[in-house]
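Below is start_19.txt, which holds compact mmCIF, C-alpha atoms.
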# COMPACT_ATOMS: atom_id res chain seq x y z
CA MET A 1 13.43 -1.69 31.55
CA SER A 2 12.15 -4.71 33.41
CA SER A 3 12.30 -7.68 31.15
CA SER A 4 8.84 -9.20 31.00
CA SER A 5 6.41 -6.82 32.66
CA GLY A 6 3.22 -6.87 30.63
CA ALA A 7 4.45 -8.73 27.58
CA LEU A 8 2.59 -7.20 24.64
CA PHE A 9 4.00 -9.18 21.79
CA THR A 10 4.09 -12.93 22.25
CA GLY A 11 4.52 -16.14 20.33
CA HIS A 12 3.18 -19.49 21.49
CA ASP A 13 4.42 -22.91 20.46
CA LEU A 14 5.60 -21.62 17.08
CA ALA A 15 6.72 -24.00 14.38
CA CYS A 16 8.27 -23.09 11.07
CA ILE A 17 8.66 -25.27 7.99
CA ARG A 18 10.85 -24.11 5.11
CA GLY A 19 11.09 -26.24 2.00
CA GLU A 20 9.78 -29.46 3.61
CA ARG A 21 12.22 -29.03 6.51
CA LEU A 22 11.18 -28.27 10.06
CA VAL A 23 13.36 -25.31 11.07
CA PHE A 24 12.17 -24.94 14.65
CA ALA A 25 9.24 -26.06 16.76
CA GLY A 26 7.78 -25.39 20.18
CA LEU A 27 9.21 -21.90 20.27
CA ASP A 28 7.76 -19.33 22.70
CA PHE A 29 8.76 -15.71 22.99
CA SER A 30 7.41 -12.69 24.77
CA ILE A 31 8.45 -9.10 24.33
CA GLY A 32 7.19 -6.33 26.60
CA ALA A 33 7.53 -2.56 26.43
CA GLY A 34 11.20 -1.55 26.56
CA ASP A 35 12.43 -5.08 25.90
CA ALA A 36 15.17 -6.10 23.53
CA VAL A 37 15.53 -9.70 22.40
CA LEU A 38 18.66 -10.95 20.70
CA LEU A 39 18.07 -13.87 18.38
CA VAL A 40 21.18 -15.98 18.19
CA GLY A 41 21.91 -19.34 16.63
CA ALA A 42 23.83 -21.05 13.87
CA ASN A 43 23.27 -20.33 10.18
CA GLY A 44 19.96 -21.82 9.13
CA SER A 45 18.63 -22.05 12.68
CA GLY A 46 15.68 -19.87 11.70
CA LYS A 47 16.54 -16.39 12.97
CA SER A 48 15.36 -14.66 9.80
CA SER A 49 12.34 -16.94 9.57
CA LEU A 50 11.33 -16.06 13.13
CA LEU A 51 11.61 -12.35 12.35
CA ARG A 52 9.48 -12.85 9.25
CA LEU A 53 6.94 -14.73 11.38
CA MET A 54 6.93 -11.80 13.80
CA ALA A 55 6.38 -9.39 10.92
CA GLY A 56 3.58 -11.50 9.48
CA LEU A 57 5.39 -12.09 6.18
CA LEU A 58 5.44 -15.80 6.97
CA ARG A 59 2.59 -17.76 8.44
CA PRO A 60 3.60 -20.13 11.22
CA ALA A 61 3.14 -23.84 10.48
CA GLY A 62 1.98 -24.21 14.07
CA GLY A 63 1.20 -21.90 16.98
CA ALA A 64 0.32 -18.22 16.87
CA VAL A 65 1.91 -14.79 17.12
CA ARG A 66 -0.15 -12.44 19.27
CA TRP A 67 -0.19 -8.73 19.98
CA GLY A 68 -1.87 -7.90 23.26
CA GLY A 69 -3.72 -11.21 23.18
CA GLY A 70 -5.10 -11.09 19.61
CA SER A 71 -3.49 -12.94 16.72
CA ILE A 72 -1.66 -10.64 14.29
CA ALA A 73 -3.25 -12.52 11.38
CA ILE A 74 -6.66 -11.03 12.24
CA ASP A 75 -5.70 -7.49 11.24
CA PRO A 76 -2.41 -7.55 9.31
CA GLU A 77 -2.61 -3.86 8.31
CA ALA A 78 -2.85 -2.78 11.96
CA HIS A 79 0.16 -4.96 12.75
CA ASN A 80 2.08 -3.50 9.81
CA ALA A 81 1.41 0.01 11.11
CA ARG A 82 3.17 -0.71 14.40
CA LEU A 83 6.35 -2.36 13.12
CA HIS A 84 9.55 -1.56 11.30
CA TYR A 85 11.20 -4.46 9.52
CA VAL A 86 14.79 -4.31 8.31
CA GLY A 87 15.66 -7.38 6.27
CA HIS A 88 18.76 -8.50 4.39
CA LEU A 89 18.04 -6.26 1.42
CA ASP A 90 18.18 -2.49 1.38
CA PRO A 91 15.26 -1.11 -0.61
CA VAL A 92 17.03 1.99 -1.89
CA LYS A 93 16.05 2.85 -5.46
CA ALA A 94 19.01 3.69 -7.70
CA ALA A 95 17.19 6.48 -9.52
CA LEU A 96 16.00 8.31 -6.40
CA THR A 97 18.09 10.30 -3.94
CA VAL A 98 18.49 9.06 -0.38
CA ALA A 99 16.12 11.76 0.88
CA GLU A 100 13.48 10.81 -1.71
CA ASN A 101 13.80 7.14 -0.87
CA LEU A 102 13.42 7.85 2.82
CA ALA A 103 10.56 10.31 2.38
CA PHE A 104 8.64 7.66 0.46
CA TRP A 105 9.03 5.02 3.17
CA ALA A 106 8.38 7.52 5.94
CA GLY A 107 5.21 8.67 4.22
CA LEU A 108 4.03 5.08 4.18
CA GLY A 109 3.97 4.67 7.96
CA ASN A 110 2.42 7.70 9.69
CA GLY A 111 5.70 9.55 9.21
CA SER A 112 6.18 13.13 10.29
CA GLY A 113 8.44 13.83 7.33
CA VAL A 114 11.56 14.53 9.37
CA VAL A 115 13.87 13.15 6.74
CA THR A 116 17.05 15.12 7.46
CA GLU A 117 16.73 14.55 11.17
CA ALA A 118 16.38 10.82 10.58
CA LEU A 119 19.46 10.79 8.39
CA GLU A 120 21.40 12.67 11.07
CA THR A 121 20.55 9.92 13.55
CA PHE A 122 22.67 7.65 11.41
CA ASP A 123 25.28 10.25 10.63
CA SER A 124 24.30 10.36 6.95
CA ALA A 125 22.87 13.86 6.49
CA SER A 126 25.49 14.50 3.79
CA LEU A 127 24.02 11.66 1.74
CA ALA A 128 20.58 13.27 1.42
CA ASP A 129 20.98 14.40 -2.19
CA VAL A 130 23.03 11.47 -3.42
CA PRO A 131 21.21 9.14 -5.85
CA GLY A 132 20.91 5.57 -4.59
CA ARG A 133 23.10 4.16 -7.36
CA PHE A 134 26.23 5.86 -5.96
CA LEU A 135 25.92 4.45 -2.45
CA SER A 136 28.25 1.86 -0.95
CA ALA A 137 26.80 -1.20 0.81
CA GLY A 138 27.24 0.43 4.21
CA GLN A 139 25.72 3.72 3.10
CA LYS A 140 22.73 1.88 1.66
CA ARG A 141 22.30 0.08 4.95
CA ARG A 142 22.40 3.41 6.81
CA ALA A 143 19.84 4.91 4.44
CA ASN A 144 17.65 1.87 5.11
CA LEU A 145 18.10 2.08 8.88
CA ALA A 146 17.18 5.77 8.82
CA ARG A 147 13.59 4.57 8.26
CA LEU A 148 13.59 3.59 11.94
CA ALA A 149 14.03 7.21 12.94
CA ALA A 150 11.87 8.71 10.19
CA SER A 151 8.55 7.29 11.34
CA VAL A 152 7.22 6.01 14.62
CA ALA A 153 6.58 2.31 15.18
CA SER A 154 6.69 0.49 18.48
CA LEU A 155 8.12 -2.81 17.28
CA TRP A 156 11.48 -3.00 15.51
CA LEU A 157 12.42 -6.25 13.78
CA LEU A 158 16.04 -6.10 12.68
CA ASP A 159 17.64 -8.91 10.71
CA GLU A 160 21.41 -8.65 11.19
CA PRO A 161 21.26 -4.85 11.00
CA THR A 162 24.99 -4.32 11.54
CA THR A 163 26.01 -6.06 8.30
CA ALA A 164 28.29 -3.70 6.31
CA LEU A 165 28.08 -1.00 9.00
CA ASP A 166 31.24 0.67 10.31
CA ALA A 167 31.87 1.06 14.06
CA ARG A 168 30.47 4.58 14.14
CA ALA A 169 27.22 3.68 12.43
CA THR A 170 26.87 0.61 14.66
CA SER A 171 27.09 2.81 17.74
CA CYS A 172 24.54 5.20 16.19
CA LEU A 173 22.22 2.21 15.77
CA MET A 174 22.78 1.09 19.36
CA GLU A 175 21.97 4.60 20.60
CA ALA A 176 18.81 4.69 18.49
CA ILE A 177 17.75 1.31 19.90
CA ALA A 178 18.44 2.49 23.47
CA ARG A 179 16.32 5.64 22.95
CA HIS A 180 13.57 3.54 21.38
CA ARG A 181 13.52 1.25 24.43
CA VAL A 182 13.42 4.17 26.85
CA ASP A 183 10.33 5.36 24.99
CA GLY A 184 8.76 1.96 25.60
CA GLY A 185 9.56 0.45 22.22
CA MET A 186 10.35 -3.20 21.55
CA VAL A 187 13.23 -4.60 19.55
CA ALA A 188 14.01 -8.04 18.20
CA ILE A 189 17.44 -8.37 16.59
CA SER A 190 19.07 -11.33 14.96
CA THR A 191 22.83 -11.17 15.15
CA HIS A 192 26.09 -13.05 14.92
CA VAL A 193 28.18 -10.36 16.56
CA GLU A 194 28.04 -9.24 20.18
CA LEU A 195 25.95 -6.09 20.46
CA ALA A 196 26.18 -3.69 23.37
CA LEU A 197 22.58 -3.76 24.57
CA ASP A 198 21.80 -3.37 28.26
CA GLY A 199 19.49 -5.95 29.71
CA ALA A 200 18.77 -7.64 26.39
CA ARG A 201 17.49 -11.18 26.62
CA ARG A 202 18.93 -13.88 24.42
CA LEU A 203 16.81 -16.32 22.52
CA ASP A 204 18.98 -19.17 21.28
CA LEU A 205 17.28 -20.76 18.31
CA ASP A 206 19.59 -23.76 18.34
CA THR A 207 17.68 -25.05 21.39
CA PHE A 208 14.48 -25.24 19.33
CA ALA A 209 16.08 -26.81 16.29
CA ARG A 210 15.06 -30.29 15.25
CA GLN A 211 17.03 -32.97 13.49
CA PRO A 212 16.91 -32.25 9.77
CA ASN A 213 14.38 -34.91 8.91
CA PRO A 214 12.37 -34.30 5.72
CA VAL A 215 9.55 -36.64 6.80
CA GLU A 216 8.95 -35.05 10.18
CA ARG A 217 6.11 -32.54 10.28
CA ALA A 218 4.81 -30.23 12.93
CA SER A 219 1.87 -31.84 14.65
CA MET B 220 -5.80 5.92 -0.01
CA ARG B 221 -3.14 8.64 0.22
CA TRP B 222 -0.50 5.93 0.52
CA ALA B 223 -1.68 4.23 -2.64
CA PHE B 224 -1.34 7.61 -4.33
CA GLU B 225 2.21 7.94 -2.94
CA ILE B 226 3.15 4.54 -4.37
CA MET B 227 1.79 5.58 -7.76
CA ARG B 228 3.74 8.83 -7.63
CA ARG B 229 6.95 7.00 -6.75
CA ASP B 230 6.52 4.56 -9.62
CA LEU B 231 5.80 7.38 -12.05
CA ARG B 232 8.87 9.25 -10.85
CA LEU B 233 11.01 6.14 -11.25
CA ALA B 234 9.64 5.54 -14.73
CA LEU B 235 10.31 9.14 -15.74
CA ARG B 236 13.88 9.10 -14.40
CA GLN B 237 14.72 5.79 -16.00
CA GLY B 238 12.63 6.52 -19.07
CA VAL B 239 13.88 3.57 -21.07
CA ASP B 240 11.10 1.12 -20.16
CA SER B 241 8.15 3.12 -21.36
CA LEU B 242 10.05 4.40 -24.38
CA MET B 243 11.00 0.82 -25.29
CA ALA B 244 7.37 -0.29 -25.32
CA VAL B 245 6.21 2.48 -27.64
CA VAL B 246 9.23 2.18 -29.97
CA PHE B 247 8.65 -1.56 -30.20
CA PHE B 248 5.00 -0.87 -31.00
CA VAL B 249 5.86 1.52 -33.83
CA LEU B 250 8.58 -0.75 -35.26
CA ALA B 251 6.39 -3.86 -35.17
CA VAL B 252 3.60 -2.07 -37.05
CA VAL B 253 5.98 -0.50 -39.57
CA LEU B 254 7.32 -3.97 -40.44
CA PHE B 255 3.93 -5.01 -41.86
CA PRO B 256 3.85 -2.74 -44.94
CA LEU B 257 7.41 -3.94 -45.65
CA GLY B 258 6.43 -7.58 -45.30
CA VAL B 259 2.96 -7.62 -46.80
CA GLY B 260 3.67 -5.13 -49.58
CA PRO B 261 2.44 -1.60 -50.14
CA GLU B 262 -1.04 -2.33 -51.54
CA ALA B 263 -3.23 0.15 -49.69
CA ASN B 264 -6.40 -1.95 -49.72
CA ILE B 265 -4.73 -4.97 -48.08
CA LEU B 266 -3.08 -2.80 -45.42
CA ALA B 267 -6.31 -0.95 -44.71
CA ARG B 268 -8.07 -4.31 -44.31
CA ILE B 269 -5.60 -5.64 -41.73
CA ALA B 270 -4.78 -2.33 -40.01
CA ALA B 271 -6.94 -2.79 -36.92
CA GLY B 272 -5.69 -6.31 -36.28
CA VAL B 273 -2.04 -5.37 -36.79
CA ILE B 274 -2.24 -2.40 -34.45
CA TRP B 275 -3.98 -4.44 -31.76
CA VAL B 276 -1.60 -7.39 -31.93
CA ALA B 277 1.40 -5.05 -31.83
CA ALA B 278 -0.11 -3.17 -28.86
CA LEU B 279 -0.65 -6.47 -27.09
CA LEU B 280 2.96 -7.56 -27.57
CA ALA B 281 4.31 -4.11 -26.68
CA SER B 282 2.39 -4.06 -23.41
CA MET B 283 3.91 -7.47 -22.57
CA LEU B 284 7.44 -6.08 -22.77
CA SER B 285 7.47 -4.00 -19.62
CA LEU B 286 5.15 -6.22 -17.57
CA GLU B 287 7.99 -8.43 -16.41
CA ARG B 288 9.49 -5.54 -14.48
CA LEU B 289 6.22 -4.50 -12.83
CA PHE B 290 7.08 -6.25 -9.55
CA GLN B 291 10.51 -7.73 -10.33
CA THR B 292 12.64 -4.68 -9.44
CA ASP B 293 10.78 -4.18 -6.15
CA TYR B 294 11.12 -7.88 -5.42
CA ASP B 295 14.86 -7.86 -6.08
CA ASP B 296 15.71 -4.92 -3.81
CA GLY B 297 13.38 -5.82 -0.94
CA SER B 298 10.91 -2.98 -1.57
CA LEU B 299 8.11 -5.48 -2.12
CA GLU B 300 8.54 -6.90 1.39
CA LEU B 301 8.21 -3.43 2.83
CA LEU B 302 5.24 -2.61 0.61
CA ALA B 303 3.60 -5.80 1.87
CA LEU B 304 4.35 -4.60 5.41
CA SER B 305 2.99 -1.11 4.81
CA PRO B 306 -0.33 -0.25 6.41
CA VAL B 307 -1.98 -0.26 2.97
CA ALA B 308 -3.78 -3.36 1.77
CA LEU B 309 -1.59 -5.20 -0.73
CA GLU B 310 -4.48 -5.14 -3.21
CA LEU B 311 -4.33 -1.33 -3.25
CA VAL B 312 -0.55 -1.45 -3.67
CA VAL B 313 -1.06 -3.64 -6.74
CA LEU B 314 -3.72 -1.32 -8.12
CA ALA B 315 -1.48 1.73 -7.61
CA LYS B 316 1.42 0.05 -9.37
CA VAL B 317 -0.80 -1.07 -12.25
CA VAL B 318 -2.17 2.44 -12.74
CA ALA B 319 1.39 3.83 -12.82
CA HIS B 320 2.38 1.09 -15.29
CA TRP B 321 -0.56 1.89 -17.53
CA LEU B 322 0.13 5.63 -17.47
CA THR B 323 3.75 5.09 -18.49
CA THR B 324 3.32 2.30 -21.05
CA GLY B 325 -0.36 2.10 -22.04
CA VAL B 326 -1.02 5.78 -22.66
CA PRO B 327 1.95 6.24 -25.05
CA LEU B 328 0.55 3.32 -27.10
CA ILE B 329 -2.84 5.04 -27.33
CA VAL B 330 -1.15 8.25 -28.48
CA ALA B 331 0.95 6.46 -31.11
CA ALA B 332 -1.91 4.33 -32.46
CA PRO B 333 -3.68 6.96 -34.68
CA VAL B 334 -0.38 7.85 -36.35
CA LEU B 335 0.19 4.20 -37.18
CA ALA B 336 -3.41 3.90 -38.38
CA VAL B 337 -2.68 6.67 -40.90
CA LEU B 338 0.47 4.84 -41.94
CA LEU B 339 -1.56 1.69 -42.65
CA ASP B 340 -4.18 3.71 -44.52
CA MET B 341 -6.93 2.74 -42.11
CA ASP B 342 -10.34 4.25 -42.82
CA ALA B 343 -10.66 7.52 -40.87
CA GLN B 344 -14.08 6.42 -39.59
CA GLY B 345 -12.34 3.93 -37.31
CA PHE B 346 -9.92 6.37 -35.60
CA VAL B 347 -12.07 7.46 -32.69
CA VAL B 348 -13.25 3.93 -31.97
CA LEU B 349 -9.66 2.66 -32.16
CA ILE B 350 -8.59 5.18 -29.52
CA VAL B 351 -11.56 4.44 -27.28
CA ALA B 352 -11.07 0.68 -27.65
CA LEU B 353 -7.36 0.96 -26.81
CA ALA B 354 -8.17 3.20 -23.86
CA LEU B 355 -10.43 0.43 -22.54
CA GLY B 356 -8.22 -2.47 -23.60
CA THR B 357 -4.74 -1.41 -22.46
CA PRO B 358 -5.66 -1.01 -18.76
CA THR B 359 -7.32 -4.44 -18.91
CA MET B 360 -4.08 -5.86 -20.29
CA SER B 361 -2.03 -4.16 -17.55
CA LEU B 362 -4.37 -5.62 -14.91
CA ILE B 363 -4.36 -9.16 -16.31
CA GLY B 364 -0.62 -8.84 -16.85
CA SER B 365 -0.09 -7.93 -13.19
CA VAL B 366 -1.32 -11.39 -12.18
CA GLY B 367 1.22 -13.00 -14.49
CA ALA B 368 3.97 -10.62 -13.32
CA ALA B 369 3.25 -11.57 -9.72
CA LEU B 370 3.24 -15.29 -10.53
CA ILE B 371 6.65 -15.30 -12.22
CA LEU B 372 8.50 -13.67 -9.32
CA GLY B 373 11.50 -15.76 -8.42
CA ALA B 374 11.28 -17.87 -11.58
CA ARG B 375 14.18 -18.05 -14.01
CA ARG B 376 13.42 -16.97 -17.59
CA GLY B 377 10.36 -15.24 -16.19
CA GLY B 378 9.76 -13.10 -19.27
CA VAL B 379 9.03 -16.02 -21.57
CA LEU B 380 6.90 -17.71 -18.92
CA LEU B 381 4.98 -14.48 -18.49
CA SER B 382 4.03 -14.31 -22.18
CA LEU B 383 2.90 -17.93 -22.12
CA LEU B 384 0.74 -17.26 -19.07
CA VAL B 385 -0.74 -13.97 -20.09
CA LEU B 386 -1.06 -13.86 -23.90
CA PRO B 387 -3.92 -16.41 -24.01
CA LEU B 388 -5.79 -14.29 -21.48
CA PHE B 389 -5.48 -11.25 -23.76
CA ILE B 390 -7.45 -12.96 -26.54
CA PRO B 391 -10.92 -11.63 -25.55
CA VAL B 392 -9.56 -8.08 -25.45
CA LEU B 393 -8.00 -8.59 -28.89
CA ILE B 394 -11.19 -10.02 -30.42
CA PHE B 395 -13.52 -7.29 -29.23
CA GLY B 396 -10.95 -4.54 -29.74
CA VAL B 397 -10.54 -5.44 -33.41
CA ALA B 398 -14.26 -6.10 -33.86
CA ALA B 399 -15.10 -2.63 -32.56
CA VAL B 400 -12.81 -0.92 -35.07
CA ASP B 401 -13.98 -3.13 -37.96
CA ALA B 402 -17.60 -2.42 -37.08
CA ALA B 403 -16.99 1.33 -37.10
CA ILE B 404 -15.24 1.14 -40.50
CA GLY B 405 -17.97 -1.06 -41.95
CA GLY B 406 -20.66 1.36 -40.81
CA PHE B 407 -22.05 -0.81 -38.03
CA ALA B 408 -22.47 0.07 -34.37
CA ALA B 409 -19.20 -0.21 -32.43
CA ARG B 410 -21.00 0.35 -29.13
CA PRO B 411 -21.75 -3.30 -28.24
CA HIS B 412 -18.08 -4.23 -28.66
CA LEU B 413 -16.98 -1.25 -26.60
CA MET B 414 -19.48 -2.24 -23.92
CA ILE B 415 -17.96 -5.71 -23.77
CA LEU B 416 -14.47 -4.17 -23.53
CA SER B 417 -15.72 -2.02 -20.64
CA GLY B 418 -17.15 -5.13 -19.03
CA LEU B 419 -13.78 -6.88 -19.34
CA LEU B 420 -12.09 -3.86 -17.78
CA ILE B 421 -14.53 -3.75 -14.86
CA GLY B 422 -14.12 -7.49 -14.32
CA ALA B 423 -10.34 -7.14 -14.38
CA VAL B 424 -10.41 -4.25 -11.88
CA ALA B 425 -12.57 -6.34 -9.58
CA LEU B 426 -10.56 -9.57 -9.77
CA CYS B 427 -6.95 -8.97 -10.79
CA PRO B 428 -5.67 -6.95 -7.79
CA TRP B 429 -6.82 -9.75 -5.50
CA ALA B 430 -5.22 -12.47 -7.58
CA SER B 431 -1.98 -10.50 -7.88
CA ALA B 432 -1.85 -9.72 -4.16
CA ALA B 433 -2.45 -13.36 -3.27
CA SER B 434 0.35 -14.47 -5.53
CA LEU B 435 2.68 -11.74 -4.23
CA ARG B 436 2.06 -12.93 -0.66
CA GLN B 437 2.93 -16.44 -1.81
CA SER B 438 6.18 -15.30 -3.39
CA LEU B 439 7.19 -13.40 -0.26
CA GLU B 440 6.82 -16.43 2.02

As structure tokens, how would this structure be written, given the file I've shared?
Amino acid sequence: MSSSSGALFTGHDLACIRGERLVFAGLDFSIGAGDAVLLVGANGSGKSSLLRLMAGLLRPAGGAVRWGGGSIAIDPEAHNARLHYVGHLDPVKAALTVAENLAFWAGLGNGSGVVTEALETFDSASLADVPGRFLSAGQKRRANLARLAASVASLWLLDEPTTALDARATSCLMEAIARHRVDGGMVAISTHVELALDGARRLDLDTFARQPNPVERAS
Amino acid sequence: MRWAFEIMRRDLRLALRQGVDSLMAVVFFVLAVVLFPLGVGPEANILARIAAGVIWVAALLASMLSLERLFQTDYDDGSLELLALSPVALELVVLAKVVAHWLTTGVPLIVAAPVLAVLLDMDAQGFVVLIVALALGTPTMSLIGSVGAALILGARRGGVLLSLLVLPLFIPVLIFGVAAVDAAIGGFAARPHLMILSGLLIGAVALCPWASAASLRQSLE
């Protein structure tokens, strides 16, 4: 788990503008196999925006995000196939059971269809036949996180994944992340709470923040 | 391709479980048409004269009803982000969702249309052409509507905005759809009109998924 040996996934001189405001600029990151990066910073410092840039949902206002040297914008579908993104929302359909929801998302990303096993990873096997509308916020989050275990992807982008999770589920998540890193996977997590991750690097977005000046633009 | 099929299957399953959306469209269609004999009066010759137009306008409005929810529910619960991040091209995702939408809201309209045509005393010569024209016209409306549905994501009062955006674009479909039925009833060839409707459908298949996908990407930024 050496921190930067052969960085596969890198960002160079990234700038992000949201609503006429420069959120961050001059940001570099590099994530290699087995790396975990914790994104920390105040509210509005651009943690979620950076994760969306990494996923390719947002285009950077400046700089480039690269995978193994090539920009991810060249082949977005190939980039999509190697990442799992967990955002603020839990896409669990009210009319479908947890197992059906999960099977759908697993089927979308070269999944092996191991739905029950994936639910067990997050201690939610008993939820398999429960329709989404009866889930609590934490259970929904667990059903969403089970996607990580249901199909293989080397890059995990997690946006405050521990929101609404209880202590037990949080430790399940930490174990899953540890296993993923042992297998050579990469993780980027934004968080406000201290997470027990060995050898994780911290990326403090406050250091890249600019004065909130509506006129200033990225050059 | 298999993934696009999976998305379609999921949407169909959701529509079947929730049922209300597709049922609402077809019930609205029937009610709107039934109002005409009550409003215009029961003279059979007047009703027969306006039947094709009434059925088409009602079908147009009915297909508008459920369009708003085409992407909105997926947008609200974050599914759309994940669909955009799936290894399928977003254009195919759009196409899969539109096909599912058409199967659950367009097809019931086509099935209900002949019954309503009988109710309005439409000439029986026009029945087959009416069904064929609707079968060509309703998917075109779903496709054009998908562009509007993608554009209104995140807007307040999106439903009204959607009708303003999309209804003018439905006009060509309406004109040739009605003309085809009128031609068949009058003893003329309906084929040219049906060919134009097919042309509109092919054009919509070629253009609309791209326009919708572009506007979905915009709304996800």

Q | All residues 10 Å or closer to region 143-152 of chain A, all atoms listed in the file, same chain fewer than 3 positions away omitted, as a VMD selection string | A | chain A and resid 81 to 87 89 to 92 98 to 99 101 to 125 127 to 128 132 135 137 to 140 155 to 156 158 161 to 162 169 173 176 to 177 180 185

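The smallest atom-to-atom distance between Phe247 (chain B) and any of B:Arg228, B:Gly272, B:Ala234, B:Ser285, using only C-alpha atoms, is found for B:Ser285.
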
At most 6 Å is the cut-off: for each residue in chain B with any atom that close to an atom of chain A, write down the nearest atom pair and the distance in Å rounded to one decimal, counting all atoms listed in the file, chain first then increasing number, as a tab-separated table.
residue	atom	partner	partner_atom	distance
B:Trp222	CA	A:Leu108	CA	5.9
B:Asp296	CA	A:Pro91	CA	5.0
B:Gly297	CA	A:Pro91	CA	5.1
B:Ser298	CA	A:Pro91	CA	4.8
B:Leu304	CA	A:Asn80	CA	5.1
B:Ser305	CA	A:Asn80	CA	5.6
B:Pro306	CA	A:Glu77	CA	4.7
B:Glu440	CA	A:Leu58	CA	5.2

(Q) Around the point (0.1, -12.9, -5.3) (coordinates from the file), which residues reach within 12 Å if we count all atoms listed in the file? Answer as a ChimeraX atom specification. (A) /B:290,299,303,309-310,312-313,365-372,427-440

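Coordinates place CA of Ile265 (chain B) at a distance of 15.1 Å from CA of Gly405 (chain B).
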
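CA of Glu287 (chain B) to CA of Ser241 (chain B) spans 12.6 Å [interatomic distance, one decimal].
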
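Computed from the coordinates, the CA of Gly70 (chain A) to CA of Val182 (chain A) distance equals 25.1 Å.
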
Please reconstruct the missing atoms of region 31-48 of chain A (target: N, CA and C atoms) and return them as a JSON list (two decimals), in the frame of the given file.
[["chain", "number", "residue", "atom", "x", "y", "z"],
["A", 31, "ILE", "N", 7.73, -10.37, 24.33],
["A", 31, "ILE", "CA", 8.45, -9.10, 24.33],
["A", 31, "ILE", "C", 7.52, -8.05, 24.94],
["A", 32, "GLY", "N", 7.98, -7.38, 25.97],
["A", 32, "GLY", "CA", 7.19, -6.33, 26.60],
["A", 32, "GLY", "C", 7.73, -4.96, 26.25],
["A", 33, "ALA", "N", 7.08, -3.93, 26.71],
["A", 33, "ALA", "CA", 7.53, -2.56, 26.43],
["A", 33, "ALA", "C", 8.94, -2.36, 26.97],
["A", 34, "GLY", "N", 9.83, -1.81, 26.15],
["A", 34, "GLY", "CA", 11.20, -1.55, 26.56],
["A", 34, "GLY", "C", 12.12, -2.75, 26.47],
["A", 35, "ASP", "N", 11.61, -3.87, 26.00],
["A", 35, "ASP", "CA", 12.43, -5.08, 25.90],
["A", 35, "ASP", "C", 13.26, -5.12, 24.63],
["A", 36, "ALA", "N", 14.41, -5.78, 24.74],
["A", 36, "ALA", "CA", 15.17, -6.10, 23.53],
["A", 36, "ALA", "C", 15.47, -7.59, 23.58],
["A", 37, "VAL", "N", 15.25, -8.26, 22.47],
["A", 37, "VAL", "CA", 15.53, -9.70, 22.40],
["A", 37, "VAL", "C", 16.55, -9.94, 21.31],
["A", 38, "LEU", "N", 17.63, -10.61, 21.68],
["A", 38, "LEU", "CA", 18.66, -10.95, 20.70],
["A", 38, "LEU", "C", 18.42, -12.37, 20.22],
["A", 39, "LEU", "N", 18.24, -12.53, 18.93],
["A", 39, "LEU", "CA", 18.07, -13.87, 18.38],
["A", 39, "LEU", "C", 19.43, -14.36, 17.95],
["A", 40, "VAL", "N", 19.89, -15.43, 18.57],
["A", 40, "VAL", "CA", 21.18, -15.98, 18.19],
["A", 40, "VAL", "C", 20.99, -17.43, 17.77],
["A", 41, "GLY", "N", 22.00, -17.96, 17.09],
["A", 41, "GLY", "CA", 21.91, -19.34, 16.63],
["A", 41, "GLY", "C", 22.74, -19.51, 15.38],
["A", 42, "ALA", "N", 23.00, -20.76, 15.03],
["A", 42, "ALA", "CA", 23.83, -21.05, 13.87],
["A", 42, "ALA", "C", 23.13, -20.60, 12.58],
["A", 43, "ASN", "N", 23.87, -20.60, 11.48],
["A", 43, "ASN", "CA", 23.27, -20.33, 10.18],
["A", 43, "ASN", "C", 22.17, -21.35, 9.93],
["A", 44, "GLY", "N", 21.03, -20.89, 9.44],
["A", 44, "GLY", "CA", 19.96, -21.82, 9.13],
["A", 44, "GLY", "C", 19.15, -22.26, 10.34],
["A", 45, "SER", "N", 19.39, -21.64, 11.50],
["A", 45, "SER", "CA", 18.63, -22.05, 12.68],
["A", 45, "SER", "C", 17.26, -21.36, 12.74],
["A", 46, "GLY", "N", 17.02, -20.43, 11.80],
["A", 46, "GLY", "CA", 15.68, -19.87, 11.70],
["A", 46, "GLY", "C", 15.53, -18.47, 12.28],
["A", 47, "LYS", "N", 16.64, -17.74, 12.42],
["A", 47, "LYS", "CA", 16.54, -16.39, 12.97],
["A", 47, "LYS", "C", 15.72, -15.48, 12.03],
["A", 48, "SER", "N", 16.09, -15.50, 10.76],
["A", 48, "SER", "CA", 15.36, -14.66, 9.80],
["A", 48, "SER", "C", 13.91, -15.11, 9.69]]
